[in-house]
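Chemist: To be precise about what I am sending: the file is called model.txt and holds compact mmCIF, C-alpha atoms.
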```txt
# COMPACT_ATOMS: atom_id res chain seq x y z
CA MET J 1 18.90 20.05 1.39
CA GLU J 2 15.37 20.18 2.77
CA TRP J 3 14.76 16.41 2.45
CA GLN J 4 18.02 15.35 4.06
CA HIS J 5 17.67 13.13 7.15
CA LYS J 6 13.93 12.61 6.77
CA PRO J 7 12.28 9.20 6.71
CA ALA J 8 10.26 8.04 3.70
CA ALA J 9 7.44 5.51 3.66
CA PHE J 10 5.79 3.90 0.65
CA VAL J 11 2.32 2.75 -0.33
CA SER J 12 2.08 0.90 -3.63
CA TYR J 13 -0.69 -0.69 -5.61
CA GLY J 14 -1.18 -2.50 -8.86
CA GLY J 15 -1.75 -6.00 -10.16
CA VAL J 16 0.03 -9.14 -9.01
CA SER J 17 3.19 -7.42 -7.74
CA ALA J 18 1.29 -4.46 -6.23
CA GLY J 19 3.95 -1.99 -7.37
CA THR J 20 6.67 -3.51 -5.22
CA ARG J 21 9.29 -3.20 -7.97
CA ALA J 22 8.54 0.52 -8.27
CA VAL J 23 8.99 0.89 -4.51
CA GLN J 24 12.41 -0.76 -4.71
CA MET J 25 13.48 1.79 -7.33
CA ALA J 26 11.97 4.68 -5.38
CA LYS J 27 13.86 3.62 -2.24
CA GLN J 28 17.12 4.04 -4.15
CA VAL J 29 16.10 7.53 -5.23
CA VAL J 30 15.20 8.71 -1.73
CA ALA J 31 18.40 7.20 -0.35
CA ASN J 32 20.36 9.29 -2.86
CA LEU J 33 18.53 12.34 -1.52
CA ARG J 34 19.99 11.37 1.88
CA MET J 35 16.58 10.35 3.16
CA LEU J 36 15.98 7.11 5.06
CA PRO J 37 13.51 4.72 3.42
CA ILE J 38 11.84 2.69 6.14
CA GLY J 39 11.40 -1.04 5.66
CA PRO J 40 7.67 -1.60 6.14
CA THR J 41 5.37 -0.72 3.24
CA VAL J 42 1.71 -0.96 2.37
CA SER J 43 1.25 -3.04 -0.79
CA ILE J 44 -2.17 -3.39 -2.39
CA PRO J 45 -2.31 -6.13 -5.03
CA PHE J 46 -5.25 -6.23 -7.42
CA VAL J 47 -6.29 -2.78 -6.30
CA ASN J 48 -9.41 -2.78 -8.49
CA GLU J 49 -10.88 -5.48 -6.27
CA GLN J 50 -10.62 -3.04 -3.35
CA VAL J 51 -12.52 -0.22 -5.07
CA ASP J 52 -16.26 0.02 -4.52
CA ASP J 53 -18.33 2.88 -5.98
CA GLY J 54 -15.14 4.74 -6.83
CA ALA J 55 -13.76 4.61 -3.28
CA PHE J 56 -10.90 2.50 -1.98
CA ARG J 57 -12.08 0.05 0.67
CA PRO J 58 -9.06 -1.27 2.54
CA GLY J 59 -9.08 -4.75 3.97
CA LYS J 60 -7.90 -5.59 7.47
CA ILE J 61 -4.47 -6.54 6.14
CA HIS J 62 -4.10 -3.10 4.51
CA GLU J 63 -5.20 -1.31 7.66
CA ALA J 64 -2.77 -3.34 9.77
CA ALA J 65 0.08 -2.66 7.34
CA ALA J 66 -0.73 1.07 7.31
CA GLY J 67 -0.70 1.16 11.11
CA HIS J 68 2.67 -0.56 11.18
CA VAL J 69 4.10 1.82 8.57
CA LEU J 70 2.84 4.89 10.44
CA GLU J 71 4.25 3.65 13.76
CA GLU J 72 7.67 3.01 12.18
CA LEU J 73 7.57 6.35 10.35
CA ALA J 74 6.82 8.25 13.57
CA ARG J 75 9.51 6.36 15.48
CA THR J 76 12.10 6.95 12.77
CA ALA J 77 11.13 10.62 12.36
CA THR J 78 11.83 11.21 16.06
CA VAL J 79 15.35 9.85 15.74
CA MET J 80 16.05 11.56 12.41
CA ARG J 81 14.94 14.93 13.81
CA ARG J 82 18.05 14.90 15.98
CA LEU J 83 20.23 14.51 12.89
CA ARG J 84 18.47 17.38 11.12
CA SER J 85 18.92 19.72 14.07
CA GLY J 86 22.68 19.07 14.08
CA ALA J 87 23.12 19.26 10.28
CA HIS J 88 24.25 22.49 8.68
```
For the structure just supplied, provide its representation as structure tokens.

Modeler:
Amino acid sequence: MEWQHKPAAFVSYGGVSAGTRAVQMAKQVVANLRMLPIGPTVSIPFVNEQVDDGAFRPGKIHEAAAGHVLEELARTATVMRRLRSGAH
């Protein structure tokens, strides 16, 4: 399977809960595909407040969360690559 042993990261947005319930369901799906959902996520509550002239304008908290997610994704991908190379 082409997705096996690959990490998955999530960015969610919405109202009060910022799509966090959807992320919890999606994590179960990717786990069943034998992917590894990483823990950190980027959650954007009240996303409409972050849109200006049709463009998303992230706040410092969103940028920090995205940086953390990308660091963890890269770190996890390095480890998972070893599993993929040994899988047949």

Chemist: Using atom CA of Tyr13 of chain J and atom CA of Arg34 of chain J as the two end points, give the distance in Å to one decimal.

Modeler: 25.1 Å

Chemist: Using all atoms listed in the file, find the one residue out of J:Gly86, J:Gly59, J:Gly15, J:Pro7 that sits nearest to Leu33 of chain J.

Modeler: J:Pro7

Chemist: I'd like the contact shell of segment 18-32 of chain J - 12 Å cut-off, only C-alpha atoms, skipping same-chain residues fewer than 3 positions apart - returned as a ChimeraX atom specification.

Modeler: /J:1,3-15,35-48

Chemist: How many Å lie between atom CA of Glu49 of chain J and atom CA of Ile61 of chain J, rounded to one decimal?

Modeler: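 We find that atom CA of Glu49 of chain J and atom CA of Ile61 of chain J lie 14.0 Å from each other.
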
Chemist: Just how far from atom CA of His68 of chain J is atom CA of Ser85 of chain J, in Å to one decimal?

Modeler: 26.1 Å

Chemist: Hey, could you pull the box centre and edge lengths for segment 74-83 of chain J, axis-aligned, 4 Å padding per side, all listed atoms, to one decimal in Å, as AutoDock Vina command-line options?

Modeler:
```
--center_x 13.5 --center_y 10.6 --center_z 14.2 --size_x 21.4 --size_y 16.6 --size_z 11.7
```

Chemist: Calculated over all atoms listed in the file, which of the candidates J:Glu63, J:Val16, J:Arg57, J:Glu2 has the smallest distance to Arg84 of chain J?

Modeler: J:Glu2
